[in-house]
Amino acid sequence: MKQSKLFTKTQKFAPKDEISKNAQLLIRAGFAHKEMAGVYSFLPLGLRVIEKISEIIKVEMDAIGGMQMKNSALQVQNVWEKTNRWDDAVVDNWFKTELKNGTKVGLAFTHEEAMTNLMKNFVSSYKDLPAYPYDIRTMFRNETRAKSGLMRGREFYWKALYSFSIDEAQHNEFYERAKKSYQKIYKNVGLGAKTYLTFASGGTFSKYSHEFQTISEAGEDIIYVDEEKNIAINKEVLTDEVLSDLNVNKDNLKETKAIEVGNIFSLGTKFSEPIGLTYKNKDGKEKKVFMGSYGIGIGRLMGTIVEVFADDKGIVWPESVAPFKIHLLVLGTQSVVRSQADELYRKLQEAGVEVLYDERDIQPGQKFADSDLIGIPYRVVISERSLKDGGVELKKRNEEKGKIVKIKNLLENKKYARNNN
RNA sequence: CGGAGCAUGGUGUCAACGGCUAGCACGCACGGUUUGGGACCGUGUAGUUUGGGUUCGAAUCCCAGUGCUCCGACCA
């Protein structure tokens, strides 16, 4: 993409009423636009990141048997009444409205009810199970207080998978696979080293649920990390009983702030029972479906990545989620240099490299500053000087110094091509 | 939902005593000089959150609304 064609611009200053680092940088660099508190639009650059993250998640969900679908955002009242979650006194973060004819509808804040109800159409025998539909979509929650930039919004983009199993044993087997799959996702988006499987409060059907917490000062949660065991415990469930359950020594725990970047939950028959999702087993007996839910906030993950890796100059994207692999800057206005730069851009694209080409007629300093702010992993500078030195200057975003490489070598190096991280 | 603070061009601003043309910087437009770290010069462009009130006169004082931020509560 040519940078002159990008309608967004970078800003030197962040809006003063935006305090959190993730939102400041994402707005300054042109990834996001704030519509109102807790509501952000994703601009072209931001959307590319969102899609990269979504793709990583999809691959892992598909690998454990997930099947993507798209739920509706509008929800009718009656299903929610079956689980007693329509009443504002029970769930206070609903956005509700009504149809012209007076029918009340809500804007989905989660889809357990909707999914359970939907599956009634398709599940009647043990042969129809298990099933693992998932959805990546915008969700709405009428938060009393949006905060921390993209971290807690009133409207947010996320992935939710629901598992429908014959019984608890089948559920547990999937649950363990989901756990591993989640860890792979965090590793693949670059957060593996800082993200811990964290024990949190469960529900009627399981003692614990599991959260995935990324260590960061920007976090809202407090967790206790046991580095040796590579697990953490959420402060809200930290008791002696839990410590002995998990065989964890209190002295090995380190308190830290963390961002909840995902959670997985055993739901049991909490939803299948009131909504009536059942199947016939081999003996012809009616059985309740055993469920689980598995969520990841994609916008929040994006914000977390910014929080964790940014430096004083701007964002530093891990290669796997960066909007582009290479940021190509051409310096100077000489036509000899320009034409070589244009050709390099064309050839990189032919080689399947995602490249943002800064061919604008502006000062070098501005290009460097923009490049650092936007945070694309590899910066390639082509200029009169670099050509004289034998090629282009290649520098990684997170390294101080670049080096001269021959244009031929750059083009032949497969590691810059898409799908080759 | 409880508490606190804030609101001046597209952005920033602890610029402006109740009083003269609302200042400065960034951005943007035009011209020129520059061309490896947001360069320089000149000429322009664009603003007092909304509604009331007090006053000869309000960005400034008062009332109400709206919005934003922070702390807390809440948060499958």
# chains A, B, ... in the order shown; residues from 1 in each chain; ligands from 1
>>> residues_around(residues="segment 348-353 of chain A", least_positions_apart="5", cutoff="8 Å", atoms="only C-alpha atoms (C1' of nucleotides)", output="PyMOL selection string")
chain A and resi 325-326+411+416-418
>>> closest_atom_pairs(of="chain B", to="chain A", cutoff="10 Å", atoms="only C-alpha atoms (C1' of nucleotides)", output="CSV")
residue,atom,partner,partner_atom,distance
B:C1,C1',A:Thr144,CA,7.7
B:C6,C1',A:Asp17,CA,8.9
B:A7,C1',A:Asp17,CA,10.0
B:U11,C1',A:Phe13,CA,6.4
B:G12,C1',A:Phe13,CA,6.4
B:C26,C1',A:Lys12,CA,7.3
B:G27,C1',A:Gln11,CA,8.5
B:U34,C1',A:Gln363,CA,9.2
B:U35,C1',A:Gly332,CA,5.8
B:G36,C1',A:Pro364,CA,6.3
B:G37,C1',A:Gly365,CA,4.1
B:G38,C1',A:Gln366,CA,4.5
B:A39,C1',A:Gln363,CA,8.0
B:G67,C1',A:Met36,CA,8.8
B:C68,C1',A:Asp17,CA,6.2
B:U69,C1',A:Asp17,CA,5.6
B:C70,C1',A:Ile19,CA,9.2
B:A73,C1',A:Thr144,CA,10.0
B:C74,C1',A:Thr144,CA,7.7
B:C75,C1',A:Glu143,CA,8.2
B:A76,C1',A:Phe265,CA,7.3
>>> write_last_selection(atoms="N, CA and C atoms (P, O5', C5', C4', C3', O3' and C1' of nucleotides)", output="compact mmCIF listing (two decimals), in the first residue's frame")
# COMPACT_ATOMS: atom_id res chain seq x y z
P C B 1 -27.35 5.89 36.66
O5' C B 1 -26.56 5.38 37.93
C5' C B 1 -27.31 4.98 39.05
C4' C B 1 -26.38 4.66 40.17
C3' C B 1 -25.45 5.77 40.63
O3' C B 1 -26.09 6.73 41.45
C1' C B 1 -24.24 3.75 40.49
P C B 6 -11.37 21.66 37.75
O5' C B 6 -11.33 21.23 36.22
C5' C B 6 -10.09 21.06 35.53
C4' C B 6 -10.32 20.39 34.20
C3' C B 6 -11.13 21.19 33.19
O3' C B 6 -10.34 22.15 32.53
C1' C B 6 -11.90 18.96 33.22
P A B 7 -11.06 23.42 31.87
O5' A B 7 -11.77 22.76 30.61
C5' A B 7 -11.00 22.17 29.57
C4' A B 7 -11.90 21.64 28.49
C3' A B 7 -12.58 22.70 27.62
O3' A B 7 -12.69 22.20 26.28
C1' A B 7 -14.21 21.34 28.62
P U B 11 -9.87 18.53 17.76
O5' U B 11 -8.30 18.30 17.86
C5' U B 11 -7.76 16.99 17.83
C4' U B 11 -6.28 17.05 18.14
C3' U B 11 -5.91 17.79 19.41
O3' U B 11 -6.10 17.00 20.57
C1' U B 11 -4.52 18.53 17.68
P G B 12 -6.50 17.71 21.94
O5' G B 12 -5.16 18.42 22.36
C5' G B 12 -4.03 17.65 22.71
C4' G B 12 -2.83 18.53 22.91
C3' G B 12 -2.97 19.63 23.94
O3' G B 12 -2.85 19.14 25.25
C1' G B 12 -1.95 20.51 22.02
P C B 26 5.08 25.30 14.74
O5' C B 26 4.23 23.95 14.81
C5' C B 26 4.82 22.76 15.30
C4' C B 26 3.80 21.66 15.36
C3' C B 26 3.11 21.32 14.05
O3' C B 26 3.90 20.52 13.19
C1' C B 26 1.50 21.45 15.75
P G B 27 3.82 20.74 11.61
O5' G B 27 2.29 20.42 11.29
C5' G B 27 1.78 19.10 11.47
C4' G B 27 0.30 19.08 11.21
C3' G B 27 -0.12 19.53 9.82
O3' G B 27 -0.02 18.47 8.89
C1' G B 27 -1.49 20.58 11.43
P U B 34 18.47 25.36 -1.60
O5' U B 34 18.37 24.76 -0.13
C5' U B 34 18.55 23.40 0.08
C4' U B 34 18.21 23.05 1.50
C3' U B 34 18.19 21.55 1.73
O3' U B 34 19.49 21.11 2.05
C1' U B 34 16.18 22.48 2.55
P U B 35 20.13 20.01 1.12
O5' U B 35 19.41 18.70 1.67
C5' U B 35 19.35 18.46 3.08
C4' U B 35 18.41 17.33 3.33
C3' U B 35 18.75 16.07 2.54
O3' U B 35 18.54 14.94 3.35
C1' U B 35 16.53 16.74 2.08
P G B 36 19.76 14.17 3.99
O5' G B 36 18.89 13.06 4.74
C5' G B 36 17.98 13.44 5.78
C4' G B 36 18.20 12.52 6.97
C3' G B 36 19.59 12.61 7.60
O3' G B 36 19.50 12.31 8.98
C1' G B 36 19.27 10.45 6.76
P G B 37 19.03 13.37 10.03
O5' G B 37 17.49 13.00 10.05
C5' G B 37 16.49 14.03 10.15
C4' G B 37 15.59 13.74 11.32
C3' G B 37 16.20 14.05 12.69
O3' G B 37 15.16 14.46 13.56
C1' G B 37 15.58 11.79 12.60
P G B 38 14.72 16.02 13.42
O5' G B 38 13.49 15.86 12.45
C5' G B 38 12.33 15.18 12.90
C4' G B 38 11.15 15.74 12.18
C3' G B 38 10.69 17.10 12.69
O3' G B 38 10.08 17.75 11.60
C1' G B 38 9.00 15.51 13.03
P A B 39 10.05 19.40 11.58
O5' A B 39 11.53 19.77 11.11
C5' A B 39 12.57 19.96 12.06
C4' A B 39 13.59 20.89 11.50
C3' A B 39 13.09 22.31 11.20
O3' A B 39 13.13 23.11 12.36
C1' A B 39 14.25 21.49 9.33
P G B 67 -24.00 12.58 27.75
O5' G B 67 -22.51 12.95 27.32
C5' G B 67 -22.15 12.98 25.96
C4' G B 67 -20.78 13.58 25.82
C3' G B 67 -19.67 12.85 26.57
O3' G B 67 -19.23 11.71 25.86
C1' G B 67 -19.48 15.16 26.94
P C B 68 -18.62 10.47 26.68
O5' C B 68 -17.20 11.04 27.10
C5' C B 68 -16.22 11.34 26.11
C4' C B 68 -15.04 12.01 26.76
C3' C B 68 -14.39 11.22 27.89
O3' C B 68 -13.53 10.22 27.41
C1' C B 68 -14.66 13.47 28.55
P U B 69 -13.27 8.92 28.29
O5' U B 69 -12.31 9.48 29.42
C5' U B 69 -10.99 9.91 29.09
C4' U B 69 -10.32 10.46 30.31
C3' U B 69 -10.30 9.54 31.53
O3' U B 69 -9.27 8.58 31.44
C1' U B 69 -10.97 11.69 32.20
P C B 70 -9.45 7.19 32.20
O5' C B 70 -9.21 7.63 33.71
C5' C B 70 -7.94 8.10 34.14
C4' C B 70 -8.04 8.62 35.55
C3' C B 70 -8.56 7.64 36.58
O3' C B 70 -7.57 6.74 37.02
C1' C B 70 -9.65 9.70 36.87
P A B 73 -13.48 -1.24 44.26
O5' A B 73 -15.06 -1.15 44.09
C5' A B 73 -15.91 -1.18 45.23
C4' A B 73 -17.35 -1.12 44.79
C3' A B 73 -17.78 -2.21 43.81
O3' A B 73 -18.15 -3.41 44.46
C1' A B 73 -18.47 -0.11 43.01
P C B 74 -17.83 -4.80 43.74
O5' C B 74 -18.63 -4.69 42.36
C5' C B 74 -20.05 -4.76 42.33
C4' C B 74 -20.53 -4.55 40.92
C3' C B 74 -20.04 -5.56 39.88
O3' C B 74 -20.81 -6.74 39.90
C1' C B 74 -19.77 -3.38 39.03
P C B 75 -20.06 -8.14 39.75
O5' C B 75 -19.48 -8.07 38.27
C5' C B 75 -20.34 -7.99 37.14
C4' C B 75 -19.51 -7.81 35.90
C3' C B 75 -18.44 -8.86 35.67
O3' C B 75 -18.98 -10.01 35.05
C1' C B 75 -17.54 -6.70 35.32
P A B 76 -18.85 -11.44 35.71
O5' A B 76 -18.70 -12.43 34.46
C5' A B 76 -17.43 -12.91 34.19
C4' A B 76 -17.49 -13.81 32.99
C3' A B 76 -18.26 -13.23 31.80
O3' A B 76 -17.46 -13.31 30.63
C1' A B 76 -19.05 -15.41 32.32
>>> select_by_dssp(residues="segment 126-361 of chain A", states="strand (DSSP E or B)", output="VMD selection string")
chain A and resid 131 133 to 140 147 152 155 to 165 195 to 201 208 to 215 221 to 226 231 to 234 253 to 268 278 to 280 286 to 288 290 to 297 311 314 326 to 330 353 355 to 358
>>> residues_around(residues="A29 of chain B", least_positions_apart="6", cutoff="12 Å", atoms="only C-alpha atoms (C1' of nucleotides)", output="PyMOL selection string")
chain B and resi 43-46
>>> write_last_selection(atoms="N, CA and C atoms (P, O5', C5', C4', C3', O3' and C1' of nucleotides)", output="compact mmCIF listing (two decimals), in the first residue's frame")
# COMPACT_ATOMS: atom_id res chain seq x y z
P U B 43 4.68 37.10 7.51
O5' U B 43 3.59 36.73 6.42
C5' U B 43 3.49 37.50 5.22
C4' U B 43 2.48 36.87 4.31
C3' U B 43 1.16 36.52 4.97
O3' U B 43 0.32 37.65 5.05
C1' U B 43 1.90 34.69 3.67
P G B 44 -0.90 37.65 6.08
O5' G B 44 -1.88 36.64 5.34
C5' G B 44 -2.73 35.83 6.09
C4' G B 44 -3.28 34.78 5.17
C3' G B 44 -4.32 33.90 5.83
O3' G B 44 -5.60 34.48 5.68
C1' G B 44 -2.67 32.54 4.84
P U B 45 -6.62 34.41 6.89
O5' U B 45 -6.94 32.85 6.95
C5' U B 45 -7.52 32.20 5.82
C4' U B 45 -7.72 30.74 6.14
C3' U B 45 -8.41 30.49 7.47
O3' U B 45 -9.82 30.55 7.31
C1' U B 45 -6.52 29.07 7.25
P A B 46 -10.70 31.42 8.29
O5' A B 46 -10.97 30.41 9.48
C5' A B 46 -11.64 29.19 9.23
C4' A B 46 -11.24 28.18 10.27
C3' A B 46 -11.41 28.68 11.71
O3' A B 46 -12.73 28.46 12.16
C1' A B 46 -9.26 27.72 11.43
>>> residues_around(residues="segment 51-60 of chain B", least_positions_apart="3", cutoff="12 Å", atoms="only C-alpha atoms (C1' of nucleotides)", output="PyMOL selection string")
chain B and resi 7-8+15-19+22+47-48+63-66
>>> write_last_selection(atoms="N, CA and C atoms (P, O5', C5', C4', C3', O3' and C1' of nucleotides)", output="compact mmCIF listing (two decimals), in the first residue's frame")
# COMPACT_ATOMS: atom_id res chain seq x y z
P A B 7 -11.06 23.42 31.87
O5' A B 7 -11.77 22.76 30.61
C5' A B 7 -11.00 22.17 29.57
C4' A B 7 -11.90 21.64 28.49
C3' A B 7 -12.58 22.70 27.62
O3' A B 7 -12.69 22.20 26.28
C1' A B 7 -14.21 21.34 28.62
P U B 8 -11.51 22.39 25.27
O5' U B 8 -11.54 23.94 24.97
C5' U B 8 -12.68 24.54 24.37
C4' U B 8 -12.29 25.80 23.69
C3' U B 8 -11.27 25.65 22.57
O3' U B 8 -11.89 25.27 21.36
C1' U B 8 -10.65 27.44 23.97
P A B 15 -1.44 27.75 29.76
O5' A B 15 -1.55 29.28 29.29
C5' A B 15 -0.39 30.04 29.12
C4' A B 15 -0.75 31.37 28.54
C3' A B 15 -1.99 32.04 29.12
O3' A B 15 -1.75 32.63 30.37
C1' A B 15 -2.01 32.24 26.78
P A B 16 -2.98 32.79 31.39
O5' A B 16 -3.81 33.95 30.72
C5' A B 16 -3.24 35.25 30.56
C4' A B 16 -4.14 36.08 29.70
C3' A B 16 -5.57 36.23 30.22
O3' A B 16 -5.67 37.22 31.22
C1' A B 16 -5.62 35.70 27.92
P C B 17 -6.99 37.25 32.14
O5' C B 17 -6.42 38.03 33.40
C5' C B 17 -6.29 37.36 34.63
C4' C B 17 -7.01 38.15 35.70
C3' C B 17 -8.48 38.43 35.40
O3' C B 17 -9.25 38.35 36.58
C1' C B 17 -7.33 40.48 35.62
P G B 18 -10.72 37.83 36.51
O5' G B 18 -11.37 38.71 35.37
C5' G B 18 -12.76 38.83 35.33
C4' G B 18 -13.16 39.44 34.01
C3' G B 18 -12.74 40.89 33.81
O3' G B 18 -12.62 41.15 32.41
C1' G B 18 -15.05 40.76 33.75
P G B 19 -11.23 41.47 31.78
O5' G B 19 -11.59 42.44 30.57
C5' G B 19 -12.25 41.90 29.40
C4' G B 19 -12.38 42.98 28.37
C3' G B 19 -11.10 43.77 28.10
O3' G B 19 -11.10 44.19 26.75
C1' G B 19 -12.77 45.22 28.94
P A B 22 -10.57 38.84 18.60
O5' A B 22 -9.37 38.08 19.30
C5' A B 22 -8.72 38.62 20.43
C4' A B 22 -8.09 37.51 21.22
C3' A B 22 -7.43 36.43 20.36
O3' A B 22 -6.12 36.80 20.01
C1' A B 22 -8.82 35.42 21.97
P G B 47 -13.45 29.48 13.09
O5' G B 47 -13.03 28.94 14.52
C5' G B 47 -13.49 27.67 14.96
C4' G B 47 -13.15 27.49 16.39
C3' G B 47 -13.84 28.45 17.36
O3' G B 47 -15.14 28.03 17.67
C1' G B 47 -11.54 28.25 17.89
P U B 48 -16.24 28.98 18.22
O5' U B 48 -15.71 29.45 19.64
C5' U B 48 -16.42 29.12 20.81
C4' U B 48 -15.44 28.59 21.84
C3' U B 48 -16.02 28.41 23.24
O3' U B 48 -15.34 27.31 23.84
C1' U B 48 -14.22 29.90 23.35
P C B 63 -23.53 27.81 40.52
O5' C B 63 -24.87 27.61 39.72
C5' C B 63 -26.13 27.86 40.33
C4' C B 63 -27.25 27.59 39.35
C3' C B 63 -27.19 26.24 38.63
O3' C B 63 -27.68 25.19 39.42
C1' C B 63 -27.63 27.94 37.06
P A B 64 -27.13 23.71 39.19
O5' A B 64 -27.76 23.33 37.78
C5' A B 64 -29.16 23.08 37.68
C4' A B 64 -29.57 22.92 36.23
C3' A B 64 -28.88 21.80 35.46
O3' A B 64 -29.41 20.53 35.73
C1' A B 64 -28.89 23.75 34.15
P G B 65 -28.50 19.23 35.53
O5' G B 65 -28.35 19.14 33.94
C5' G B 65 -29.47 18.80 33.13
C4' G B 65 -29.14 18.99 31.68
C3' G B 65 -28.09 18.05 31.10
O3' G B 65 -28.61 16.76 30.82
C1' G B 65 -27.69 20.24 30.35
P U B 66 -27.70 15.50 31.03
O5' U B 66 -26.67 15.61 29.83
C5' U B 66 -27.12 15.58 28.48
C4' U B 66 -25.99 15.91 27.54
C3' U B 66 -24.73 15.08 27.73
O3' U B 66 -24.81 13.81 27.13
C1' U B 66 -24.14 17.35 27.55
>>> residues_around(residues="segment 236-250 of chain A", least_positions_apart="3", cutoff="9 Å", atoms="only C-alpha atoms (C1' of nucleotides)", output="list in words")
Phe199, Ala200, Ser201, Tyr208, Ile222, Ile223, Tyr224, Asp226, Lys229, Ile233, Leu253 and Lys254 of chain A
>>> write_last_selection(atoms="N, CA, C and O atoms", output="PDB file, in the first residue's frame")
ATOM      1  N   PHE A 199      -6.043 -19.405  37.380  1.00  0.00           N
ATOM      2  CA  PHE A 199      -7.229 -20.005  37.993  1.00  0.00           C
ATOM      3  C   PHE A 199      -8.130 -18.908  38.534  1.00  0.00           C
ATOM      4  O   PHE A 199      -7.686 -18.028  39.264  1.00  0.00           O
ATOM      5  N   ALA A 200      -9.401 -18.981  38.154  1.00  0.00           N
ATOM      6  CA  ALA A 200     -10.362 -17.974  38.599  1.00  0.00           C
ATOM      7  C   ALA A 200     -11.631 -18.677  39.063  1.00  0.00           C
ATOM      8  O   ALA A 200     -11.746 -19.901  38.961  1.00  0.00           O
ATOM      9  N   SER A 201     -12.585 -17.886  39.506  1.00  0.00           N
ATOM     10  CA  SER A 201     -13.776 -18.497  40.086  1.00  0.00           C
ATOM     11  C   SER A 201     -14.570 -19.280  39.047  1.00  0.00           C
ATOM     12  O   SER A 201     -14.721 -18.850  37.905  1.00  0.00           O
ATOM     13  N   TYR A 208     -13.226 -24.230  39.222  1.00  0.00           N
ATOM     14  CA  TYR A 208     -12.496 -23.096  38.671  1.00  0.00           C
ATOM     15  C   TYR A 208     -12.888 -22.843  37.220  1.00  0.00           C
ATOM     16  O   TYR A 208     -13.293 -23.754  36.512  1.00  0.00           O
ATOM     17  N   ILE A 222      -5.501  -8.380  39.546  1.00  0.00           N
ATOM     18  CA  ILE A 222      -4.297  -8.720  40.294  1.00  0.00           C
ATOM     19  C   ILE A 222      -4.211 -10.236  40.359  1.00  0.00           C
ATOM     20  O   ILE A 222      -5.180 -10.916  40.728  1.00  0.00           O
ATOM     21  N   ILE A 223      -3.067 -10.743  39.939  1.00  0.00           N
ATOM     22  CA  ILE A 223      -2.885 -12.194  39.951  1.00  0.00           C
ATOM     23  C   ILE A 223      -1.601 -12.544  40.697  1.00  0.00           C
ATOM     24  O   ILE A 223      -0.739 -11.693  40.909  1.00  0.00           O
ATOM     25  N   TYR A 224      -1.522 -13.817  41.108  1.00  0.00           N
ATOM     26  CA  TYR A 224      -0.329 -14.321  41.773  1.00  0.00           C
ATOM     27  C   TYR A 224       0.287 -15.386  40.884  1.00  0.00           C
ATOM     28  O   TYR A 224      -0.347 -16.393  40.583  1.00  0.00           O
ATOM     29  N   ASP A 226       3.028 -18.205  39.769  1.00  0.00           N
ATOM     30  CA  ASP A 226       4.033 -19.196  40.162  1.00  0.00           C
ATOM     31  C   ASP A 226       4.817 -19.523  38.897  1.00  0.00           C
ATOM     32  O   ASP A 226       4.359 -20.279  38.047  1.00  0.00           O
ATOM     33  N   LYS A 229       5.755 -23.277  38.074  1.00  0.00           N
ATOM     34  CA  LYS A 229       4.659 -24.108  37.574  1.00  0.00           C
ATOM     35  C   LYS A 229       4.011 -23.491  36.343  1.00  0.00           C
ATOM     36  O   LYS A 229       3.143 -24.099  35.713  1.00  0.00           O
ATOM     37  N   ILE A 233      -2.812 -17.434  39.856  1.00  0.00           N
ATOM     38  CA  ILE A 233      -4.091 -17.514  40.556  1.00  0.00           C
ATOM     39  C   ILE A 233      -4.652 -16.098  40.676  1.00  0.00           C
ATOM     40  O   ILE A 233      -3.940 -15.182  41.102  1.00  0.00           O
ATOM     41  N   LEU A 253       4.793 -17.384  45.144  1.00  0.00           N
ATOM     42  CA  LEU A 253       3.880 -16.559  44.344  1.00  0.00           C
ATOM     43  C   LEU A 253       4.342 -15.114  44.273  1.00  0.00           C
ATOM     44  O   LEU A 253       4.814 -14.541  45.255  1.00  0.00           O
ATOM     45  N   LYS A 254       4.182 -14.545  43.107  1.00  0.00           N
ATOM     46  CA  LYS A 254       4.533 -13.142  42.910  1.00  0.00           C
ATOM     47  C   LYS A 254       3.289 -12.364  42.495  1.00  0.00           C
ATOM     48  O   LYS A 254       2.617 -12.719  41.536  1.00  0.00           O
TER      49      LYS A 254
END
>>> closest_residue(among="A:Glu260, A:Glu399, A:Glu51, A:Asp87", to="Ala218 of chain A", atoms="only C-alpha atoms")
A:Glu260
>>> residues_around(residues="Phe95 of chain A", least_positions_apart="4", cutoff="10 Å", atoms="only C-alpha atoms (C1' of nucleotides)", output="PyMOL selection string")
chain A and resi 74+88+105-109+140-143+154
>>> select_by_dssp(residues="segment 49-203 of chain A", states="helix (DSSP H, G or I)", output="PyMOL selection string")
chain A and resi 49-63+77-82+112-119+126-128+149-151+168-188+192-194
>>> atom_distance(atom1="atom CA of Ile231 of chain A", atom2="atom CA of Glu319 of chain A")
26.1 Å
